[in-house]
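File shown: run.cif. Contents: mmCIF, C-alpha atoms.
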```cif
data_entry
loop_
_atom_site.label_atom_id
_atom_site.label_comp_id
_atom_site.auth_asym_id
_atom_site.auth_seq_id
_atom_site.Cartn_x
_atom_site.Cartn_y
_atom_site.Cartn_z
CA MET A 1 23.43 2.96 21.49
CA ASP A 2 26.07 1.43 19.22
CA ILE A 3 24.15 0.60 16.07
CA GLY A 4 27.27 -0.66 14.33
CA ALA A 5 27.97 -3.39 16.83
CA SER A 6 26.23 -6.31 15.19
CA PHE A 7 27.43 -7.63 11.84
CA SER A 8 27.26 -10.85 9.92
CA TYR A 9 30.02 -11.82 7.54
CA HIS A 10 29.72 -12.34 3.81
CA LEU A 11 32.03 -14.94 2.29
CA LEU A 12 33.23 -14.02 -1.21
CA SER A 13 34.56 -16.62 -3.63
CA THR A 14 38.06 -15.29 -2.93
CA ARG A 15 37.59 -16.25 0.74
CA ILE A 16 37.56 -12.66 1.95
CA TYR A 17 35.06 -11.99 4.71
CA LEU A 18 33.12 -8.72 4.50
CA PRO A 19 30.92 -7.47 7.33
CA MET A 20 27.20 -7.33 6.43
CA ARG A 21 24.88 -5.06 8.31
CA ILE A 22 21.46 -6.63 8.91
CA ILE A 23 18.54 -4.34 9.74
CA ALA A 24 15.04 -5.50 10.70
CA VAL A 25 12.08 -3.39 9.58
CA ILE A 26 8.84 -3.74 11.52
CA PRO A 27 5.52 -2.12 10.58
CA ALA A 28 3.33 -1.67 13.65
CA TYR A 29 -0.21 -0.48 14.30
CA ASN A 30 -1.73 -0.58 17.78
CA GLU A 31 0.73 -3.21 19.02
CA GLU A 32 1.75 -1.79 22.41
CA SER A 33 1.17 -5.13 24.15
CA ARG A 34 3.40 -7.14 21.77
CA ILE A 35 5.89 -4.78 20.08
CA GLY A 36 8.30 -4.62 23.04
CA ALA A 37 8.88 -8.37 23.09
CA ALA A 38 9.12 -8.50 19.29
CA VAL A 39 11.80 -5.76 19.23
CA ARG A 40 13.82 -7.33 22.05
CA ASP A 41 13.59 -10.70 20.29
CA ILE A 42 14.77 -9.42 16.90
CA LEU A 43 17.54 -7.23 18.34
CA GLY A 44 19.26 -10.44 19.37
CA ALA A 45 19.61 -11.34 15.70
CA VAL A 46 20.18 -8.08 13.80
CA ALA A 47 22.21 -4.85 14.08
CA GLN A 48 19.20 -2.57 14.45
CA ALA A 49 15.41 -2.64 14.33
CA VAL A 50 13.41 0.11 12.64
CA VAL A 51 9.77 0.22 13.73
CA VAL A 52 7.26 2.26 11.75
CA ASP A 53 4.43 3.30 14.04
CA ASP A 54 1.63 3.62 11.49
CA CYS A 55 -0.36 6.25 13.39
CA SER A 56 -1.25 3.97 16.30
CA GLN A 57 -3.75 5.16 18.89
CA ASP A 58 -1.87 3.44 21.70
CA LYS A 59 1.73 3.64 22.94
CA THR A 60 3.24 1.41 20.25
CA GLY A 61 5.93 3.95 19.33
CA ALA A 62 7.01 4.66 22.90
CA VAL A 63 7.16 0.96 23.82
CA ALA A 64 9.19 0.14 20.69
CA LYS A 65 11.66 2.96 21.43
CA GLU A 66 11.98 1.81 25.01
CA ALA A 67 12.78 -1.68 23.75
CA GLY A 68 15.66 -0.30 21.68
CA ALA A 69 14.22 0.30 18.20
CA ILE A 70 14.48 3.40 16.05
CA VAL A 71 10.88 4.53 15.64
CA LEU A 72 9.58 6.31 12.56
CA THR A 73 6.10 7.72 13.02
CA HIS A 74 3.51 7.93 10.26
CA ALA A 75 1.35 10.99 11.00
CA VAL A 76 -1.49 9.39 9.02
CA ASN A 77 -2.23 5.64 8.80
CA ARG A 78 -0.93 4.46 5.42
CA GLY A 79 -0.92 0.68 5.77
CA GLN A 80 1.60 -2.12 6.11
CA GLY A 81 3.09 -1.85 2.61
CA ALA A 82 3.71 1.89 2.99
CA ALA A 83 5.24 1.35 6.45
CA LEU A 84 7.62 -1.30 5.10
CA GLN A 85 8.75 1.03 2.31
CA THR A 86 9.31 3.90 4.78
CA ALA A 87 11.46 1.71 7.01
CA THR A 88 13.34 0.29 4.02
CA ASP A 89 14.17 3.77 2.69
CA PHE A 90 15.46 4.75 6.14
CA ALA A 91 17.48 1.57 6.60
CA LEU A 92 19.14 1.91 3.18
CA ASP A 93 19.84 5.64 3.29
CA HIS A 94 20.62 6.26 6.96
CA LEU A 95 21.66 2.91 8.47
CA ALA A 96 23.70 1.59 5.52
CA ALA A 97 21.79 -1.69 5.56
CA ASP A 98 23.32 -4.57 3.57
CA VAL A 99 20.45 -6.95 4.33
CA ILE A 100 16.91 -6.02 5.30
CA VAL A 101 14.65 -8.40 7.21
CA HIS A 102 10.88 -7.90 7.20
CA PHE A 103 9.54 -8.79 10.64
CA ASP A 104 6.09 -8.55 12.25
CA ALA A 105 5.25 -6.62 15.40
CA ASP A 106 2.81 -9.17 16.79
CA GLY A 107 5.23 -11.87 17.96
CA GLN A 108 4.12 -14.49 15.41
CA MET A 109 7.59 -14.63 13.86
CA GLN A 110 10.67 -16.01 15.59
CA ALA A 111 13.98 -14.14 15.54
CA SER A 112 15.74 -17.52 15.65
CA ASP A 113 14.70 -17.96 11.99
CA VAL A 114 16.62 -14.86 10.85
CA ALA A 115 19.85 -16.78 10.39
CA THR A 116 18.06 -19.25 8.11
CA LEU A 117 16.64 -16.40 6.03
CA VAL A 118 19.76 -14.29 5.63
CA GLY A 119 22.09 -17.27 5.07
CA PRO A 120 21.58 -17.55 1.28
CA ILE A 121 22.08 -13.78 0.89
CA LEU A 122 25.28 -13.76 2.94
CA ARG A 123 26.56 -16.66 0.83
CA GLY A 124 25.65 -14.78 -2.36
CA GLU A 125 23.18 -17.44 -3.45
CA ALA A 126 20.03 -15.26 -3.50
CA ASP A 127 18.89 -11.64 -3.67
CA ILE A 128 15.75 -12.27 -1.67
CA VAL A 129 14.78 -15.10 0.67
CA LEU A 130 11.11 -15.75 1.42
CA GLY A 131 9.92 -17.43 4.57
CA SER A 132 7.55 -20.34 4.08
CA ARG A 133 5.10 -22.01 6.46
CA PHE A 134 4.95 -25.10 4.26
CA LEU A 135 8.54 -26.34 4.05
CA GLY A 136 8.77 -28.63 7.03
CA LYS A 137 8.20 -26.22 9.91
CA GLU A 138 4.45 -26.31 10.40
CA ALA A 139 2.66 -23.14 11.40
CA GLU A 140 1.15 -23.45 14.86
CA ASN A 141 -2.65 -23.09 15.21
CA MET A 142 -3.24 -22.06 11.60
CA PRO A 143 -6.99 -22.20 10.79
CA VAL A 144 -8.04 -24.54 7.96
CA VAL A 145 -9.68 -21.74 5.97
CA ARG A 146 -6.45 -19.74 6.02
CA ARG A 147 -4.47 -22.79 4.94
CA LEU A 148 -6.80 -23.24 1.94
CA LEU A 149 -6.63 -19.55 1.03
CA LEU A 150 -2.84 -19.64 1.14
CA ARG A 151 -2.89 -22.60 -1.26
CA CYS A 152 -5.10 -20.53 -3.60
CA GLY A 153 -2.61 -17.66 -3.25
CA VAL A 154 0.20 -19.96 -4.41
CA ILE A 155 -1.75 -20.88 -7.56
CA PHE A 156 -2.70 -17.23 -8.15
CA THR A 157 0.98 -16.20 -7.89
CA LEU A 158 2.06 -18.95 -10.29
CA VAL A 159 -0.56 -17.98 -12.87
CA LEU A 160 -0.16 -14.22 -12.57
CA SER A 161 3.54 -13.73 -11.89
CA GLY A 162 4.97 -17.06 -13.05
CA LEU A 163 6.69 -17.48 -9.70
CA ARG A 164 6.75 -20.91 -8.07
CA VAL A 165 6.51 -20.53 -4.28
CA THR A 166 4.97 -22.58 -1.48
CA ASP A 167 3.77 -19.60 0.60
CA SER A 168 2.74 -16.43 -1.21
CA GLN A 169 1.61 -14.38 1.80
CA ASN A 170 4.38 -14.83 4.33
CA GLY A 171 5.64 -11.50 5.64
CA PHE A 172 8.90 -12.91 6.99
CA ARG A 173 11.58 -12.35 4.34
CA ALA A 174 15.11 -11.05 3.85
CA LEU A 175 16.33 -8.82 1.04
CA SER A 176 19.82 -7.89 -0.06
CA ARG A 177 20.54 -4.17 -0.40
CA HIS A 178 20.33 -4.51 -4.17
CA ALA A 179 16.93 -6.28 -3.98
CA ALA A 180 15.58 -3.78 -1.45
CA ARG A 181 16.49 -0.94 -3.84
CA ASP A 182 14.89 -2.75 -6.79
CA ILE A 183 11.64 -3.62 -5.03
CA ARG A 184 9.77 -0.36 -4.51
CA LEU A 185 6.36 -0.98 -2.94
CA THR A 186 3.51 1.10 -4.32
CA LEU A 187 0.60 -0.89 -2.86
CA ASP A 188 0.29 0.75 0.53
CA ARG A 189 -1.84 -1.79 2.34
CA MET A 190 -1.89 -5.60 2.69
CA SER A 191 -1.31 -6.40 -1.00
CA HIS A 192 2.42 -5.67 -0.81
CA ALA A 193 3.27 -9.38 -0.34
CA SER A 194 1.89 -10.17 -3.80
CA GLU A 195 3.52 -7.05 -5.22
CA ILE A 196 6.92 -8.21 -3.93
CA LEU A 197 6.50 -11.60 -5.62
CA ASP A 198 5.52 -9.93 -8.87
CA LEU A 199 8.52 -7.58 -8.72
CA ILE A 200 10.90 -10.50 -8.07
CA LYS A 201 9.88 -11.88 -11.46
CA VAL A 202 9.78 -8.51 -13.24
CA LYS A 203 13.22 -7.48 -11.94
CA GLY A 204 14.75 -10.91 -12.48
CA LEU A 205 15.90 -11.27 -8.87
CA ARG A 206 17.30 -14.57 -7.55
CA TYR A 207 15.01 -15.93 -4.84
CA GLN A 208 14.83 -18.83 -2.44
CA GLU A 209 12.35 -20.06 0.13
CA GLN A 210 13.36 -21.16 3.61
CA PRO A 211 11.21 -22.76 6.32
CA VAL A 212 10.09 -20.46 9.14
CA THR A 213 7.85 -20.98 12.14
CA ILE A 214 4.79 -18.78 12.54
CA LYS A 215 2.92 -19.05 15.83
CA TYR A 216 -0.72 -18.02 15.67
CA SER A 217 -2.66 -17.08 18.77
CA LEU A 218 -6.32 -16.08 19.12
CA ASP A 219 -5.18 -12.53 19.72
CA THR A 220 -3.08 -12.23 16.56
CA LEU A 221 -5.60 -14.10 14.42
CA HIS A 222 -8.23 -11.59 15.44
CA LYS A 223 -6.01 -8.76 14.20
CA SER A 224 -5.03 -10.48 10.93
CA PRO A 225 -6.77 -9.50 7.68
CA SER A 226 -10.13 -11.17 7.19
CA THR A 227 -10.64 -14.01 4.75
CA TRP A 228 -12.53 -11.66 2.44
CA ARG A 229 -9.47 -9.42 2.32
CA ALA A 230 -7.89 -12.07 0.09
CA LEU A 231 -10.23 -10.98 -2.68
CA GLY A 232 -9.12 -7.37 -2.17
CA ILE A 233 -5.47 -8.45 -2.47
CA ALA A 234 -6.24 -10.27 -5.74
CA ARG A 235 -8.02 -7.17 -7.05
CA ASP A 236 -5.14 -4.85 -6.04
CA ILE A 237 -2.47 -6.95 -7.68
CA LEU A 238 -4.50 -7.41 -10.89
CA LYS A 239 -5.07 -3.66 -11.03
CA LYS A 240 -1.38 -2.97 -10.44
CA LYS A 241 -0.26 -5.46 -13.09
CA PHE A 242 -2.71 -4.69 -15.86
CA VAL A 243 -3.90 -1.11 -15.19
CA PRO A 244 -0.75 0.77 -14.16
CA MET B 1 -44.99 21.13 -15.75
CA LEU B 2 -44.17 20.64 -12.06
CA PHE B 3 -40.97 18.78 -12.97
CA GLN B 4 -39.92 21.63 -15.30
CA ILE B 5 -40.46 24.21 -12.56
CA ALA B 6 -38.53 22.10 -10.05
CA LEU B 7 -35.62 21.63 -12.47
CA VAL B 8 -35.39 25.33 -13.31
CA ALA B 9 -35.59 26.22 -9.61
CA PHE B 10 -32.80 23.76 -8.83
CA ALA B 11 -30.66 25.14 -11.70
CA ILE B 12 -31.10 28.65 -10.29
CA PHE B 13 -30.24 27.44 -6.79
CA ALA B 14 -27.14 25.57 -8.05
CA SER B 15 -25.99 28.59 -10.09
CA PHE B 16 -26.40 30.79 -7.02
CA ARG B 17 -24.34 28.36 -4.92
CA THR B 18 -21.62 28.28 -7.59
CA TRP B 19 -21.59 32.10 -7.64
CA LYS B 20 -21.25 32.21 -3.82
CA GLN B 21 -18.40 29.66 -3.94
CA TYR B 22 -16.65 31.74 -6.59
CA GLN B 23 -17.10 34.93 -4.56
CA ALA B 24 -15.66 33.22 -1.49
CA ARG B 25 -12.72 32.13 -3.69
CA HIS B 26 -13.45 28.46 -2.98
CA THR B 27 -13.63 27.73 -6.71
CA SER B 28 -11.75 29.03 -9.74
CA LYS B 29 -13.17 31.24 -12.50
CA TYR B 30 -12.83 28.25 -14.88
CA TRP B 31 -15.10 25.99 -12.80
CA PHE B 32 -17.49 28.87 -12.12
CA LEU B 33 -17.93 29.36 -15.90
CA VAL B 34 -18.18 25.61 -16.60
CA PHE B 35 -20.88 25.04 -13.99
CA GLY B 36 -22.62 28.33 -14.86
CA LEU B 37 -22.89 27.19 -18.47
CA PHE B 38 -24.00 23.71 -17.43
CA TRP B 39 -26.87 24.93 -15.21
CA THR B 40 -27.92 27.43 -17.91
CA VAL B 41 -28.20 24.58 -20.41
CA VAL B 42 -30.15 22.50 -17.85
CA ALA B 43 -32.62 25.36 -17.35
CA ALA B 44 -32.95 25.96 -21.10
CA VAL B 45 -33.65 22.26 -21.77
CA ALA B 46 -36.18 22.17 -18.91
CA ILE B 47 -38.05 25.15 -20.36
CA THR B 48 -37.96 23.96 -24.00
CA PRO B 49 -37.49 20.17 -23.92
CA GLN B 50 -38.50 19.82 -27.59
CA THR B 51 -35.20 21.45 -28.63
CA THR B 52 -33.36 18.31 -27.57
CA ASP B 53 -35.45 16.26 -30.05
CA ILE B 54 -33.85 18.18 -32.92
CA VAL B 55 -30.35 17.30 -31.72
CA ALA B 56 -31.43 13.72 -30.95
CA LYS B 57 -32.73 13.18 -34.48
CA TYR B 58 -29.55 14.71 -35.89
CA VAL B 59 -27.31 12.24 -34.02
CA GLY B 60 -29.60 9.25 -34.63
CA VAL B 61 -31.28 8.84 -31.22
CA GLY B 62 -35.09 8.73 -31.22
CA ARG B 63 -36.02 11.12 -28.41
CA GLY B 64 -34.29 14.07 -26.82
CA ALA B 65 -34.91 12.69 -23.33
CA ASP B 66 -33.11 9.45 -24.27
CA LEU B 67 -30.18 11.42 -25.62
CA LEU B 68 -29.90 13.34 -22.34
CA VAL B 69 -29.90 10.10 -20.34
CA TYR B 70 -27.15 8.61 -22.55
CA ILE B 71 -25.01 11.74 -22.32
CA GLY B 72 -25.61 11.93 -18.58
CA LEU B 73 -24.53 8.33 -18.02
CA VAL B 74 -21.37 8.67 -20.10
CA ALA B 75 -20.48 11.95 -18.39
CA LEU B 76 -21.07 10.48 -14.93
CA PHE B 77 -18.89 7.42 -15.57
CA TYR B 78 -16.12 9.58 -16.97
CA ALA B 79 -16.34 11.95 -14.00
CA MET B 80 -16.18 8.95 -11.65
CA TYR B 81 -13.08 7.65 -13.45
CA ARG B 82 -11.43 11.08 -13.14
CA VAL B 83 -12.26 11.29 -9.43
CA ILE B 84 -10.86 7.80 -8.76
CA MET B 85 -7.64 8.62 -10.64
CA LYS B 86 -7.28 11.91 -8.77
CA GLN B 87 -7.97 10.23 -5.44
CA GLN B 88 -5.29 7.58 -6.16
CA GLU B 89 -2.81 10.30 -7.12
CA GLN B 90 -3.50 12.23 -3.92
CA SER B 91 -3.26 9.05 -1.85
CA ASP B 92 0.21 8.37 -3.33
CA GLU B 93 1.27 11.95 -2.63
CA LEU B 94 0.01 11.70 0.94
CA THR B 95 1.99 8.49 1.48
CA GLU B 96 5.14 10.18 0.17
CA LEU B 97 4.62 13.20 2.43
CA VAL B 98 3.94 11.03 5.50
CA ARG B 99 7.05 8.98 4.64
CA ARG B 100 9.32 12.01 4.38
CA LEU B 101 8.10 13.35 7.73
CA ALA B 102 8.60 9.95 9.36
CA ILE B 103 12.13 9.65 8.02
CA GLU B 104 12.99 13.14 9.24
CA SER B 105 11.76 12.18 12.72
CA GLY B 106 13.92 9.04 12.56
CA LYS B 107 17.09 10.98 11.71
CA GLU B 108 16.92 12.66 15.13
CA GLN B 109 17.32 9.26 16.77
CA LEU B 110 20.55 8.41 14.98
CA PRO B 111 23.69 8.55 17.11
CA LYS B 112 25.57 11.85 16.61
#
```
Could the structure of this file be written out as structure tokens, please?
Amino acid sequence: MDIGASFSYHLLSTRIYLPMRIIAVIPAYNEESRIGAAVRDILGAVAQAVVVDDCSQDKTGAVAKEAGAIVLTHAVNRGQGAALQTATDFALDHLAADVIVHFDADGQMQASDVATLVGPILRGEADIVLGSRFLGKEAENMPVVRRLLLRCGVIFTLVLSGLRVTDSQNGFRALSRHAARDIRLTLDRMSHASEILDLIKVKGLRYQEQPVTIKYSLDTLHKSPSTWRALGIARDILKKKFVP
Amino acid sequence: MLFQIALVAFAIFASFRTWKQYQARHTSKYWFLVFGLFWTVVAAVAITPQTTDIVAKYVGVGRGADLLVYIGLVALFYAMYRVIMKQQEQSDELTELVRRLAIESGKEQLPK
């Protein structure tokens, strides 16, 4: 497999084009039925996909490898935040990633949105680009309760971190190498999205939001964190911020 | 009287268990001595509860039994705090270990 085959090009102010290596990182837990399609989809848009099989009980790892991803296996389930950090460390240290894209294993995200996300980084306009479900591209089949909770999350982020975003819990994002080094996730489970937003402010990173399409299905909604989990996320981020 | 007997019996049982754990090298000498002293104090207080009244009056609490409850609550909350901190620390260490193993497994998939 030629993992150096796919590059994007970064335009400097001097009009010199430099190749940029884009790597997708995908945390996965019990996703054997969806991970193959997700990997094949994203491999059309990036140089390499790194899947972290977070101690799945099914064949997630084998299916992802078969689809062309590099698979890192967590021997013990450590959660989505921990899996993202594992894949990021690997992508930076062993795949020489210039841009890292966070992508989901469940097929809700569309690889066709990667270009929109990495664009501002390639042009040197942002260190991190956050996907948003509320900037024109409407999320498909999003339940009303989730929509309301996400609005609350936006207010919570503004009050706590001072960051103005339209979608605080979207897992689809792109980070420059510099931003990926600066943002070190310590919240292992679902609260990492809020931790990233907080670290953007703390580290003074330049950020942008771009519209992305998220397609919900009954299957993926069933696997998503429960509504009550939102309270747990709020607790985790408050604890992290005020009781280090 | 029945409560006193039960408490002393339990203190003896707990001391015996601590001794067995120490003998089997499941606990250190430090914790064996700490718990040995603790259960000895529990037995002594159970046998002569009036002794706690003297200490209680000295520190400004009315009854010895109240003083024991206050000390017990504070000690329990502190122990809980220590356990939570330790558990968080171990969880972070476990994540780091799992991560290192995962990355090692990934290196084998890199093209030579």
Open item on the list: Select, as a PyMOL selection string, those residues of chain B with any atom no more than 10 Å from chain A (distances computed using all atoms listed in the file).
Closed with: chain B and resi 91-92+94-111
TODO: Would you mind reading off the distance between CA of Arg151 in chain A and CA of Ile26 in chain A, one decimal, in Å?
DONE: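 Taking CA of Arg151 in chain A as the start and CA of Ile26 in chain A as the end point, the length is 25.6 Å.
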TODO: Name the residues that the PyMOL selection byres ((chain A and resi 111) around 8) pulls out of this structure, and write them as number ranges by chain.
DONE: A: 41-42, 44-45, 109-110, 112-114
Task: Residue members of the PyMOL selection byres ((chain A and resi 168) around 8) in the file shown, as number ranges by chain - done: A: 150, 153-154, 157, 165-167, 169-170, 193-194, 197
Task: Explicit residues for the PyMOL selection byres ((chain A and resi 161) around 12) (as a list in words) - done: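 Evaluating the PyMOL selection byres ((chain A and resi 161) around 12) on these coordinates yields Gly153, Val154, Ile155, Phe156, Thr157, Leu158, Val159, Leu160, Gly162, Leu163, Arg164, Val165, Ser168, Ser194, Glu195, Ile196, Leu197, Asp198, Leu199, Ile200, Lys201, Val202, Lys203, Gly204, Ile237, Leu238, Lys240, Lys241 and Phe242 of chain A.
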Using all atoms of range 169-174 of chain A that appear in the file, construct an axis-aligned enclosing box with 8 Å of padding on every side and provide its centre coordinates and edge lengths in Å, rounded to one decimal, as JSON.
```
{"center_x": 8.4, "center_y": -12.9, "center_z": 4.4, "size_x": 29.5, "size_y": 19.8, "size_z": 21.2}
```
Open item on the list: Need to verify the contact set: Leu68 in chain B, 10 Å, all atoms listed in the file, exclusion of same-chain residues closer than 4 positions in sequence. Can you return it as a PyMOL selection string?
Closed with: chain B and resi 45+52-53+56+63-64+72-74
